[in-house]
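Asks: As input, take final_7.txt (compact mmCIF, C-alpha atoms and all ligand atoms):
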```
# COMPACT_ATOMS: atom_id res chain seq x y z
CA LEU A 1 0.00 0.00 0.00
CA LYS A 2 1.58 3.23 -1.18
CA LEU A 3 -0.34 5.48 1.21
CA GLU A 4 0.82 3.42 4.18
CA ARG A 5 4.45 3.58 3.03
CA ASP A 6 4.12 7.33 2.51
CA LEU A 7 2.59 7.76 5.95
CA ARG A 8 5.49 5.92 7.57
CA SER A 9 8.02 8.13 5.87
CA ALA A 10 5.92 11.21 6.69
CA VAL A 11 6.45 10.39 10.37
CA ASP A 12 10.23 10.15 9.86
CA ARG A 13 10.37 13.31 7.73
CA GLN A 14 7.96 15.24 9.95
CA GLU A 15 5.67 16.21 7.08
CA PHE A 16 2.80 17.23 9.38
CA VAL A 17 1.60 20.76 10.06
CA LEU A 18 -0.89 22.12 12.55
CA TYR A 19 -3.96 24.22 11.78
CA TYR A 20 -5.82 26.17 14.40
CA GLN A 21 -9.52 26.95 14.82
CA PRO A 22 -10.63 29.66 17.29
CA ILE A 23 -13.12 28.85 20.06
CA ILE A 24 -15.01 32.00 21.02
CA ASP A 25 -16.86 33.24 24.09
CA LEU A 26 -20.29 33.94 22.54
CA GLN A 27 -21.09 36.79 24.95
CA SER A 28 -17.83 38.74 24.82
CA GLY A 29 -16.51 37.58 21.45
CA ASP A 30 -13.15 36.82 23.11
CA LEU A 31 -10.89 34.04 21.92
CA THR A 32 -10.66 31.55 24.82
CA ASP A 33 -9.31 28.33 23.25
CA VAL A 34 -7.89 27.15 19.97
CA GLU A 35 -8.57 23.66 18.57
CA VAL A 36 -5.46 22.12 17.06
CA LEU A 37 -6.04 20.13 13.84
CA VAL A 38 -3.30 18.20 12.08
CA ARG A 39 -2.72 18.16 8.31
CA TRP A 40 -0.22 16.20 6.23
CA GLN A 41 1.95 18.27 3.92
CA HIS A 42 2.43 15.56 1.28
CA PRO A 43 5.32 16.12 -1.19
CA ASP A 44 3.11 15.41 -4.28
CA ARG A 45 -0.46 15.50 -3.07
CA GLY A 46 -0.29 18.82 -1.21
CA LEU A 47 -2.18 19.39 2.02
CA VAL A 48 -3.95 16.14 3.02
CA MET A 49 -6.87 16.37 5.44
CA PRO A 50 -7.13 14.17 8.56
CA SER A 51 -10.15 12.24 7.22
CA GLU A 52 -7.81 10.87 4.53
CA PHE A 53 -5.02 9.64 6.79
CA ILE A 54 -6.10 9.49 10.46
CA PRO A 55 -8.08 6.23 9.96
CA LEU A 56 -5.01 4.59 8.36
CA ALA A 57 -2.76 6.05 11.07
CA GLU A 58 -5.07 4.50 13.66
CA GLU A 59 -5.14 1.08 11.95
CA THR A 60 -1.35 0.94 11.62
CA GLY A 61 -0.65 2.33 15.07
CA LEU A 62 1.28 5.24 13.53
CA ILE A 63 -1.18 7.57 15.26
CA VAL A 64 0.77 7.12 18.50
CA GLU A 65 3.89 8.69 17.00
CA ILE A 66 1.95 11.28 15.01
CA GLY A 67 0.01 12.16 18.15
CA GLN A 68 3.23 12.61 20.13
CA TRP A 69 4.47 15.02 17.50
CA VAL A 70 1.15 16.92 17.54
CA LEU A 71 1.22 17.23 21.35
CA GLN A 72 4.84 18.35 21.45
CA GLU A 73 4.38 20.87 18.63
CA ALA A 74 1.14 22.25 20.10
CA CYS A 75 2.57 22.69 23.61
CA GLN A 76 5.81 24.25 22.36
CA THR A 77 3.89 26.63 20.08
CA LEU A 78 1.56 27.76 22.87
CA ARG A 79 4.49 28.22 25.27
CA ASP A 80 6.21 30.43 22.66
CA TYR A 81 3.00 32.43 22.13
CA GLN A 82 2.62 33.04 25.87
CA GLN A 83 6.00 34.76 25.82
CA GLN A 84 5.40 36.53 22.51
CA PHE A 85 1.78 37.77 22.60
CA ALA A 86 -0.06 39.44 25.48
CA SER A 87 -3.31 38.10 24.00
CA ALA A 88 -2.09 34.50 24.49
CA THR A 89 -1.37 34.47 28.21
CA GLU A 90 -4.67 32.78 29.19
CA LEU A 91 -5.29 30.96 25.91
CA LYS A 92 -5.76 27.17 25.90
CA PHE A 93 -4.92 24.76 23.11
CA SER A 94 -7.29 21.83 22.60
CA VAL A 95 -5.72 18.73 21.04
CA ASN A 96 -7.67 15.77 19.56
CA LEU A 97 -6.73 12.28 20.74
CA SER A 98 -7.36 8.87 19.20
CA SER A 99 -8.26 5.81 21.20
CA GLU A 100 -4.85 4.23 20.49
CA GLN A 101 -3.13 7.16 22.20
CA LEU A 102 -5.30 7.03 25.31
CA GLN A 103 -4.66 3.27 25.53
CA ASP A 104 -0.91 3.60 25.00
CA PRO A 105 0.67 2.45 28.30
CA ASN A 106 3.24 5.25 27.93
CA PHE A 107 0.65 7.99 27.37
CA ILE A 108 1.01 9.76 30.73
CA GLN A 109 4.77 9.50 30.45
CA THR A 110 4.53 11.17 27.01
CA VAL A 111 2.36 13.93 28.43
CA ASP A 112 4.83 14.56 31.26
CA ARG A 113 7.74 14.67 28.85
CA VAL A 114 5.93 17.10 26.54
CA LEU A 115 4.94 19.42 29.41
CA SER A 116 8.44 19.41 30.80
CA GLN A 117 10.18 19.87 27.42
CA SER A 118 7.87 22.71 26.40
CA GLY A 119 7.63 24.31 29.84
CA LEU A 120 3.85 24.61 29.38
CA ASP A 121 1.61 24.47 32.47
CA GLY A 122 -0.93 21.66 32.04
CA ARG A 123 -3.80 24.04 32.74
CA TYR A 124 -3.37 25.50 29.26
CA LEU A 125 -3.80 22.11 27.59
CA LYS A 126 -7.17 20.53 26.80
CA LEU A 127 -7.59 17.08 25.30
CA GLU A 128 -10.57 16.12 23.11
CA LEU A 129 -11.93 12.59 23.36
CA THR A 130 -15.07 11.01 21.96
CA GLU A 131 -17.68 9.05 23.87
CA SER A 132 -16.87 5.81 22.04
CA MET A 133 -13.25 5.96 23.25
CA LEU A 134 -14.45 5.68 26.83
CA MET A 135 -16.86 2.80 26.28
CA SER A 136 -14.36 0.02 26.95
CA HIS A 137 -11.72 -0.30 29.70
CA GLU A 138 -13.72 2.09 31.82
CA GLU A 139 -11.69 1.76 35.04
CA LYS A 140 -8.43 2.23 33.18
CA HIS A 141 -9.73 5.35 31.42
CA ILE A 142 -11.03 6.85 34.66
CA LYS A 143 -7.55 6.44 36.10
CA THR A 144 -5.86 7.97 33.04
CA LEU A 145 -8.25 10.94 33.03
CA GLN A 146 -7.63 11.41 36.74
CA GLN A 147 -3.87 11.44 36.10
CA LEU A 148 -4.43 14.15 33.47
CA ARG A 149 -6.54 16.14 35.92
CA ASP A 150 -3.72 15.84 38.49
CA ARG A 151 -1.63 17.75 35.91
CA SER A 152 -4.41 20.38 35.55
CA ILE A 153 -5.13 19.21 32.01
CA THR A 154 -8.83 19.52 31.09
CA ILE A 155 -10.92 17.15 28.99
CA SER A 156 -13.56 17.84 26.31
CA LEU A 157 -16.00 15.28 25.01
CA ASP A 158 -16.01 15.86 21.24
CA ASP A 159 -18.90 15.26 18.78
CA PHE A 160 -21.20 14.99 21.79
CA GLY A 161 -24.65 13.60 21.14
CA THR A 162 -23.60 11.20 18.42
CA GLY A 163 -22.45 8.41 20.77
CA TYR A 164 -24.05 6.39 23.51
CA SER A 165 -23.32 8.17 26.77
CA SER A 166 -25.97 8.08 29.41
CA LEU A 167 -26.02 10.65 32.16
CA SER A 168 -24.78 8.16 34.76
CA TYR A 169 -22.00 7.10 32.43
CA LEU A 170 -20.77 10.67 32.05
CA TYR A 171 -20.84 11.16 35.78
CA ARG A 172 -18.14 8.55 36.34
CA PHE A 173 -15.46 10.30 34.30
CA PRO A 174 -13.63 13.50 35.25
CA LEU A 175 -14.74 15.57 32.25
CA ASP A 176 -14.80 19.35 31.88
CA THR A 177 -16.48 20.28 28.60
CA LEU A 178 -19.16 18.93 26.25
CA LYS A 179 -18.73 19.87 22.59
CA ILE A 180 -22.12 19.79 20.85
CA ASP A 181 -21.71 17.96 17.55
CA GLN A 182 -22.00 20.18 14.50
CA SER A 183 -24.81 18.06 12.99
CA PHE A 184 -27.20 19.33 15.71
CA VAL A 185 -26.02 22.92 15.37
CA SER A 186 -26.43 22.95 11.60
CA ARG A 187 -30.02 21.61 11.75
CA MET A 188 -31.00 23.54 14.87
CA ILE A 189 -32.70 26.46 13.06
CA SER A 190 -34.76 24.37 10.64
CA GLU A 191 -35.50 21.33 12.83
CA PRO A 192 -37.19 21.85 16.23
CA LYS A 193 -36.02 18.39 17.32
CA ASP A 194 -32.38 19.37 16.84
CA ALA A 195 -32.93 22.64 18.71
CA GLU A 196 -34.36 20.55 21.55
CA ILE A 197 -31.30 18.26 21.53
CA VAL A 198 -29.00 21.28 21.70
CA ASN A 199 -31.06 22.66 24.56
CA THR A 200 -30.91 19.30 26.36
CA ILE A 201 -27.13 19.04 26.00
CA ILE A 202 -26.71 22.56 27.41
CA SER A 203 -28.91 21.63 30.42
CA LEU A 204 -27.05 18.36 30.85
CA ALA A 205 -23.72 20.21 30.93
CA ARG A 206 -25.10 22.55 33.57
CA THR A 207 -26.35 19.60 35.66
CA LEU A 208 -22.99 17.87 35.45
CA ASN A 209 -21.16 21.11 36.21
CA MET A 210 -19.41 21.04 32.84
CA ASP A 211 -19.08 23.80 30.30
CA VAL A 212 -20.30 23.59 26.75
CA ILE A 213 -18.99 24.48 23.28
CA ALA A 214 -21.14 24.44 20.12
CA GLU A 215 -19.30 23.20 17.02
CA GLY A 216 -19.84 24.03 13.38
CA ILE A 217 -21.48 27.46 13.80
CA GLU A 218 -21.94 28.88 10.31
CA THR A 219 -24.49 31.71 10.67
CA GLU A 220 -25.24 34.67 12.91
CA GLU A 221 -28.73 33.26 13.45
CA GLU A 222 -27.14 30.17 15.02
CA VAL A 223 -25.00 32.37 17.29
CA LEU A 224 -28.07 34.29 18.51
CA HIS A 225 -30.06 31.12 19.08
CA LEU A 226 -27.21 29.46 21.01
CA LYS A 227 -26.78 32.54 23.20
CA LYS A 228 -30.49 32.49 23.93
CA LEU A 229 -30.20 28.85 25.04
CA GLY A 230 -27.32 29.79 27.36
CA CYS A 231 -24.49 28.24 25.38
CA GLU A 232 -21.26 29.85 26.53
CA ARG A 233 -18.86 29.23 23.68
CA GLY A 234 -18.63 28.13 20.08
CA GLN A 235 -16.51 27.56 17.03
CA GLY A 236 -17.19 27.31 13.31
CA TYR A 237 -16.81 28.95 9.93
CA TRP A 238 -18.91 31.93 11.11
CA PHE A 239 -15.97 32.90 13.32
CA SER A 240 -13.11 31.32 11.40
CA PRO A 241 -12.16 28.13 9.55
CA PRO A 242 -9.08 26.31 10.84
CA MET A 243 -6.15 28.58 9.95
CA SER A 244 -2.42 28.26 9.39
CA GLN A 245 0.09 29.10 12.10
CA GLU A 246 0.98 32.30 10.24
CA LYS A 247 -2.67 33.43 10.24
CA LEU A 248 -3.09 32.60 13.92
CA GLU A 249 -0.02 34.67 14.76
CA GLU A 250 -1.41 37.68 12.85
CA HIS A 251 -4.59 37.28 14.83
CA LEU A 252 -2.78 37.11 18.18
CA GLN A 253 -0.57 40.06 17.23
CA ALA A 254 -3.69 42.16 16.59
CA GLY A 255 -4.82 41.42 20.16
CA PRO A 256 -8.20 40.46 21.58
O1 LIG B 301 -9.37 19.06 10.55
P1 LIG B 301 -10.75 18.61 10.13
O2 LIG B 301 -10.84 19.90 9.87
O3 LIG B 301 -10.74 17.91 8.81
O4 LIG B 301 -10.63 17.45 11.21
C1 LIG B 301 -11.32 16.25 11.03
C2 LIG B 301 -11.17 15.31 12.20
O5 LIG B 301 -9.86 14.77 12.24
C3 LIG B 301 -11.36 15.95 13.57
O6 LIG B 301 -12.67 15.93 13.92
C4 LIG B 301 -10.56 15.05 14.46
O7 LIG B 301 -11.40 14.01 14.93
C5 LIG B 301 -9.51 14.47 13.55
N1 LIG B 301 -8.22 15.09 13.88
C6 LIG B 301 -7.75 16.30 13.51
N2 LIG B 301 -6.52 16.52 14.04
C7 LIG B 301 -6.23 15.43 14.78
C8 LIG B 301 -5.12 15.05 15.61
O8 LIG B 301 -4.14 15.78 15.78
N3 LIG B 301 -5.18 13.82 16.19
C9 LIG B 301 -6.24 12.99 16.04
N4 LIG B 301 -6.21 11.83 16.68
N5 LIG B 301 -7.31 13.32 15.30
C10 LIG B 301 -7.31 14.52 14.69
O1 LIG B 302 -12.58 17.30 16.08
P1 LIG B 302 -13.74 17.36 15.19
O2 LIG B 302 -14.37 16.12 14.70
O3 LIG B 302 -14.87 18.11 15.87
O4 LIG B 302 -13.24 18.35 14.03
C1 LIG B 302 -13.92 19.42 13.61
C2 LIG B 302 -14.10 19.32 12.12
O5 LIG B 302 -15.11 20.22 11.69
C3 LIG B 302 -12.86 19.71 11.34
O6 LIG B 302 -12.84 18.93 10.19
C4 LIG B 302 -13.13 21.16 10.97
O7 LIG B 302 -12.43 21.58 9.82
C5 LIG B 302 -14.63 21.11 10.71
N1 LIG B 302 -15.32 22.37 10.93
C6 LIG B 302 -15.00 23.38 11.75
N2 LIG B 302 -15.92 24.37 11.70
C7 LIG B 302 -16.85 23.98 10.81
C8 LIG B 302 -18.08 24.57 10.33
O8 LIG B 302 -18.49 25.65 10.71
N3 LIG B 302 -18.77 23.83 9.42
C9 LIG B 302 -18.36 22.60 8.99
N4 LIG B 302 -19.12 21.98 8.08
N5 LIG B 302 -17.24 22.02 9.42
C10 LIG B 302 -16.48 22.70 10.32
MN MN B 303 -12.37 18.07 17.93
NA NA B 304 -16.38 17.48 16.87
```
Here is a file; write its structure as C-alpha cells.

Replies:
Amino acid sequence: LKLERDLRSAVDRQEFVLYYQPIIDLQSGDLTDVEVLVRWQHPDRGLVMPSEFIPLAEETGLIVEIGQWVLQEACQTLRDYQQQFASATELKFSVNLSSEQLQDPNFIQTVDRVLSQSGLDGRYLKLELTESMLMSHEEKHIKTLQQLRDRSITISLDDFGTGYSSLSYLYRFPLDTLKIDQSFVSRMISEPKDAEIVNTIISLARTLNMDVIAEGIETEEEVLHLKKLGCERGQGYWFSPPMSQEKLEEHLQAGP
C-alpha cells in the first residue's frame, strides 16, 4: 500500500503541520481556546486532510507517533506564544486524541515529557476525546483521566450527542467540557427536534457542572439562538475556519 508507506516516511520526515480553529466566548466575542487540527503536507499531493489519513494512522498504530508530535508541537507553540503575545497568556490549546493514544501504556509518560520539554503548564492544555473511546476499559480510562486532571489538564467530550453516553455514564469520568456535535447545530434552526437536543445538552452540561462548546457554527442566526439557550462558547466557519500558524499569529498580534 503506497499510502501506508508514505505515511510511515511522513512520520520520519515530519511532514505534518498544525492548523488552528478559534473557540469563542459567545457573549464577549473573546478568543478563549484554539482547537489544534493536524494536516499532512504531502510532497506530491499537497495538504492532506485528517479524514484521509487518520483512519489509516489508527489502523497501523502510527497515530501514536503522530500524536506525540502533535502534542509536542502544540505545547511548544503555545508556550512560545505566551511569551510573545499578550493576547495568548490565558489561551488554551485543545488537542484531539485517538483511542490508540489514550490506551498507550506510555501515554502519561509522554504527556509529562511534553509538558516538561515545552515548559507549558498543564492548565493551558485541553484534550478532546469522543464518547466511544471511553466505552471500553472504563476503570483504566477513569484512572488515566484522573492522572491528566492531576496535571491540571482539562478534557472535552467531542462530537457529543452522536455516541451512547448516558447521564450516569458521564458522571463517572472526570470531564470538563461537552462539545455539541455540528450536525445538531447545523439543523437547529430548521429542525425543532435538533434545537431541543441542543437545549438538552446545554442543560445536561449545567447539571454535570461542565461547560459547553457548540461546534460548526456557520451563521449569525445560530449564534443568537445558542446565546439564547445559554451556550457559553462556540466555534465554526462563522468565526473562522481552521487557519495556518501564520494566520493565527497575525490574529494574536492584533490582540483580543
Ligand atoms: O481538521 P478537520 O478539519 O478535517 O478534522 C477532522 C477530524 O480529524 C477531527 O474531527 C478530528 O477528529 C480528527 N483530527 C484532527 N486533528 C487530529 C489530531 O491531531 N489527532 C487525532 N487523533 N485526530 C485529529
Ligand atoms: O474534532 P472534530 O471532529 O470536531 O473536528 C472538527 C471538524 O469540523 C474539522 O474537520 C473542521 O475543519 C470542521 N469544521 C469546523 N468548523 C466547521 C463549520 O463551521 N462547518 C463545517 N461543516 N465544518 C467545520
Ligand atoms: Mn475536535
Ligand atoms: Na467534533

Asks: Residues within 6 Å of ligand MN 303 (chain B) should be enumerated using all atoms listed in the file and returned as a PyMOL selection string.

Replies: chain A and resi 96+128+158

Asks: Residues within 7 Å of ligand LIG 301 (chain B) (only C-alpha atoms and all ligand atoms), as a list in words?

Replies: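 After applying the 7 Å limit, what remains is Val36, Leu37, Val38, Met49, Pro50, Ser51, Ile54, Ile63, Gly67, Val70, Val95, Asn96, Leu97, Ser98 and Pro242 of chain A.
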
Asks: Would you compute the distance between CA of Ile180 in chain A and CA of Ala74 in chain A? Give it in Å to one decimal.

Replies: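 These two atoms are separated by 23.4 Å.
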
Asks: As an mmCIF file with C-alpha atoms, keeping the file's coordinate frame, please: every protein or nucleic acid residue near ligand NA 304 (chain B) (cut-off 7 Å, counting all atoms listed in the file).

Replies:
```cif
data_model
loop_
_atom_site.group_PDB
_atom_site.id
_atom_site.type_symbol
_atom_site.label_atom_id
_atom_site.label_comp_id
_atom_site.auth_asym_id
_atom_site.auth_seq_id
_atom_site.Cartn_x
_atom_site.Cartn_y
_atom_site.Cartn_z
ATOM 1 C CA ASP A 158 -16.010 15.860 21.240
ATOM 2 C CA ASP A 159 -18.900 15.260 18.780
ATOM 3 C CA LYS A 179 -18.730 19.870 22.590
ATOM 4 C CA ASP A 181 -21.710 17.960 17.550
ATOM 5 C CA GLN A 182 -22.000 20.180 14.500
ATOM 6 C CA GLU A 215 -19.300 23.200 17.020
#
```

Asks: So, counting only C-alpha atoms, which residue among A:Leu170, A:Leu148, A:Met210, A:Leu204 is closest to Asp121 in chain A?

Replies: A:Leu148

Asks: How big is the axis-aligned box around the listed atoms of range 178-197 of chain A once 3 Å is added on each side, and where is its centre? Give both in Å to one decimal, as lines of an AutoDock Vina configuration file.

Replies:
```
center_x = -28.0
center_y = 22.2
center_z = 18.4
size_x = 24.5
size_y = 14.5
size_z = 21.6
```

Asks: Determine, counting all atoms listed in the file, which protein, DNA and RNA residues have an atom within 9 Å of an atom of Ile201 in chain A; residues of the same chain fewer than 3 positions away are not included. Present the result as a ChimeraX atom specification.

Replies: /A:160-161,178,180,196-198,204-206,212

Asks: Nearest residue to Gln82 in chain A out of A:Gln253, A:Gln101, A:Arg151, A:Asp211, using all atoms listed in the file?

Replies: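 Of A:Gln253, A:Gln101, A:Arg151, A:Asp211, the one nearest Gln82 in chain A, counting all atoms listed in the file, is A:Gln253.
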
Asks: Measuring between only C-alpha atoms and all ligand atoms, which one of A:Pro55, A:Gly234, A:Pro192, A:Gly61 shows the shortest distance to ligand LIG 302 (chain B)?

Replies: A:Gly234

Asks: Identify, on the basis of all atoms listed in the file, every residue whose closest approach to Leu56 in chain A does not exceed 12 Å; exclude the query and any residue fewer than 2 positions from it along the same chain; express the result as a list of chain:residue names.

Replies: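 Listing them by chain and then by number gives A:Leu1, A:Lys2, A:Leu3, A:Glu4, A:Arg5, A:Asp6, A:Leu7, A:Arg8, A:Pro50, A:Ser51, A:Glu52, A:Phe53, A:Ile54, A:Glu58, A:Glu59, A:Thr60, A:Gly61, A:Leu62, A:Ile63, A:Val64, A:Ile66, A:Ser98.
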
Asks: Rounded to one decimal, what separation in Å do you get between CA of Glu100 in chain A and CA of Ile142 in chain A?

Replies: 15.7 Å

Asks: Provide the CA of Glu250 in chain A to CA of Phe85 in chain A distance in Å, to one decimal place.

Replies: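 Separating CA of Glu250 in chain A from CA of Phe85 in chain A is a distance of 10.3 Å.
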
Asks: Please list as a VMD selection string every residue within 9 Å of Leu125 in chain A, counting only C-alpha atoms and excluding residues in the same chain fewer than 3 positions away.

Replies: chain A and resid 74 to 75 92 to 95 120 to 122 152 to 155

Asks: Counting only C-alpha atoms, find residues at most 12 Å from (-11.9, 27.7, 17.5) (file frame) and give them as JSON, numbers by chain.

Replies: {"A": [19, 20, 21, 22, 23, 24, 25, 26, 29, 30, 31, 32, 33, 34, 35, 36, 37, 91, 92, 93, 94, 95, 179, 213, 214, 215, 216, 217, 233, 234, 235, 236, 237, 238, 239, 240, 241, 242, 243, 248]}

Asks: Keeping C-alpha atoms, export the residues of the selection given above as a PDB file, in the coordinates of the input.

Replies:
```pdb
ATOM      1  CA  TYR A  19      -3.960  24.220  11.780  1.00  0.00           C
ATOM      2  CA  TYR A  20      -5.820  26.170  14.400  1.00  0.00           C
ATOM      3  CA  GLN A  21      -9.520  26.950  14.820  1.00  0.00           C
ATOM      4  CA  PRO A  22     -10.630  29.660  17.290  1.00  0.00           C
ATOM      5  CA  ILE A  23     -13.120  28.850  20.060  1.00  0.00           C
ATOM      6  CA  ILE A  24     -15.010  32.000  21.020  1.00  0.00           C
ATOM      7  CA  ASP A  25     -16.860  33.240  24.090  1.00  0.00           C
ATOM      8  CA  LEU A  26     -20.290  33.940  22.540  1.00  0.00           C
ATOM      9  CA  GLY A  29     -16.510  37.580  21.450  1.00  0.00           C
ATOM     10  CA  ASP A  30     -13.150  36.820  23.110  1.00  0.00           C
ATOM     11  CA  LEU A  31     -10.890  34.040  21.920  1.00  0.00           C
ATOM     12  CA  THR A  32     -10.660  31.550  24.820  1.00  0.00           C
ATOM     13  CA  ASP A  33      -9.310  28.330  23.250  1.00  0.00           C
ATOM     14  CA  VAL A  34      -7.890  27.150  19.970  1.00  0.00           C
ATOM     15  CA  GLU A  35      -8.570  23.660  18.570  1.00  0.00           C
ATOM     16  CA  VAL A  36      -5.460  22.120  17.060  1.00  0.00           C
ATOM     17  CA  LEU A  37      -6.040  20.130  13.840  1.00  0.00           C
ATOM     18  CA  LEU A  91      -5.290  30.960  25.910  1.00  0.00           C
ATOM     19  CA  LYS A  92      -5.760  27.170  25.900  1.00  0.00           C
ATOM     20  CA  PHE A  93      -4.920  24.760  23.110  1.00  0.00           C
ATOM     21  CA  SER A  94      -7.290  21.830  22.600  1.00  0.00           C
ATOM     22  CA  VAL A  95      -5.720  18.730  21.040  1.00  0.00           C
ATOM     23  CA  LYS A 179     -18.730  19.870  22.590  1.00  0.00           C
ATOM     24  CA  ILE A 213     -18.990  24.480  23.280  1.00  0.00           C
ATOM     25  CA  ALA A 214     -21.140  24.440  20.120  1.00  0.00           C
ATOM     26  CA  GLU A 215     -19.300  23.200  17.020  1.00  0.00           C
ATOM     27  CA  GLY A 216     -19.840  24.030  13.380  1.00  0.00           C
ATOM     28  CA  ILE A 217     -21.480  27.460  13.800  1.00  0.00           C
ATOM     29  CA  ARG A 233     -18.860  29.230  23.680  1.00  0.00           C
ATOM     30  CA  GLY A 234     -18.630  28.130  20.080  1.00  0.00           C
ATOM     31  CA  GLN A 235     -16.510  27.560  17.030  1.00  0.00           C
ATOM     32  CA  GLY A 236     -17.190  27.310  13.310  1.00  0.00           C
ATOM     33  CA  TYR A 237     -16.810  28.950   9.930  1.00  0.00           C
ATOM     34  CA  TRP A 238     -18.910  31.930  11.110  1.00  0.00           C
ATOM     35  CA  PHE A 239     -15.970  32.900  13.320  1.00  0.00           C
ATOM     36  CA  SER A 240     -13.110  31.320  11.400  1.00  0.00           C
ATOM     37  CA  PRO A 241     -12.160  28.130   9.550  1.00  0.00           C
ATOM     38  CA  PRO A 242      -9.080  26.310  10.840  1.00  0.00           C
ATOM     39  CA  MET A 243      -6.150  28.580   9.950  1.00  0.00           C
ATOM     40  CA  LEU A 248      -3.090  32.600  13.920  1.00  0.00           C
TER      41      LEU A 248
END
```

Asks: At a cut-off of 10 Å around the point (5.0, 19.1, 28.8) (file coordinates), what residues fall inside when counting all atoms listed in the file? I'd like the answer as a ChimeraX atom specification.

Replies: /A:71-72,75-76,79,109-122,125,151

Asks: For each of A:Ser87, A:Asn199, A:Thr207, A:Thr162, take the minimum atom-to-atom distance to His225 in chain A, counting all atoms listed in the file, then give the residue where this is smallest.

Replies: A:Asn199

Asks: Tell me which of A:Leu208, A:Leu78, A:Ser203, A:Phe184 sits closest to ligand LIG 302 (chain B), counting all atoms listed in the file.

Replies: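 Between A:Leu208, A:Leu78, A:Ser203, A:Phe184, the residue approaching ligand LIG 302 (chain B) most closely is A:Phe184.
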
Asks: Measuring atom to atom with only C-alpha atoms, identify which of A:Trp69, A:Gln84, A:Ser168, A:Glu15 is nearest to Asp44 in chain A.

Replies: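 Once distances to Asp44 in chain A are computed over only C-alpha atoms, the minimum belongs to A:Glu15.
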
Asks: With N, CA and C atoms as the target, complete range 153-168 of chain A and hand it back as a short mmCIF file (atom, residue, chain, number, x, y, z; two decimals), keeping the file's coordinate frame.

Replies:
```cif
data_model
loop_
_atom_site.label_atom_id
_atom_site.label_comp_id
_atom_site.auth_asym_id
_atom_site.auth_seq_id
_atom_site.Cartn_x
_atom_site.Cartn_y
_atom_site.Cartn_z
N ILE A 153 -4.67 19.30 33.40
CA ILE A 153 -5.13 19.21 32.01
C ILE A 153 -6.65 18.99 32.03
N THR A 154 -7.38 19.67 31.14
CA THR A 154 -8.83 19.52 31.09
C THR A 154 -9.25 18.68 29.88
N ILE A 155 -10.46 18.10 30.00
CA ILE A 155 -10.92 17.15 28.99
C ILE A 155 -12.25 17.61 28.38
N SER A 156 -12.31 17.57 27.03
CA SER A 156 -13.56 17.84 26.31
C SER A 156 -14.07 16.55 25.70
N LEU A 157 -15.39 16.39 25.72
CA LEU A 157 -16.00 15.28 25.01
C LEU A 157 -16.49 15.81 23.66
N ASP A 158 -15.82 15.35 22.60
CA ASP A 158 -16.01 15.86 21.24
C ASP A 158 -17.21 15.18 20.58
N ASP A 159 -17.79 15.83 19.57
CA ASP A 159 -18.90 15.26 18.78
C ASP A 159 -20.02 14.79 19.69
N PHE A 160 -20.26 15.50 20.79
CA PHE A 160 -21.20 14.99 21.79
C PHE A 160 -22.62 14.92 21.24
N GLY A 161 -23.28 13.82 21.58
CA GLY A 161 -24.65 13.60 21.14
C GLY A 161 -24.74 12.53 20.07
N THR A 162 -23.59 12.20 19.48
CA THR A 162 -23.60 11.20 18.42
C THR A 162 -23.28 9.80 18.95
N GLY A 163 -22.85 9.71 20.20
CA GLY A 163 -22.45 8.41 20.77
C GLY A 163 -23.53 7.83 21.67
N TYR A 164 -23.10 7.15 22.69
CA TYR A 164 -24.05 6.39 23.51
C TYR A 164 -24.08 6.78 24.97
N SER A 165 -23.44 7.88 25.34
CA SER A 165 -23.32 8.17 26.77
C SER A 165 -24.68 8.35 27.43
N SER A 166 -24.83 7.76 28.58
CA SER A 166 -25.97 8.08 29.41
C SER A 166 -25.48 9.03 30.48
N LEU A 167 -26.40 9.68 31.15
CA LEU A 167 -26.02 10.65 32.16
C LEU A 167 -25.15 10.00 33.24
N SER A 168 -25.53 8.81 33.68
CA SER A 168 -24.78 8.16 34.76
C SER A 168 -23.38 7.78 34.29
#
```
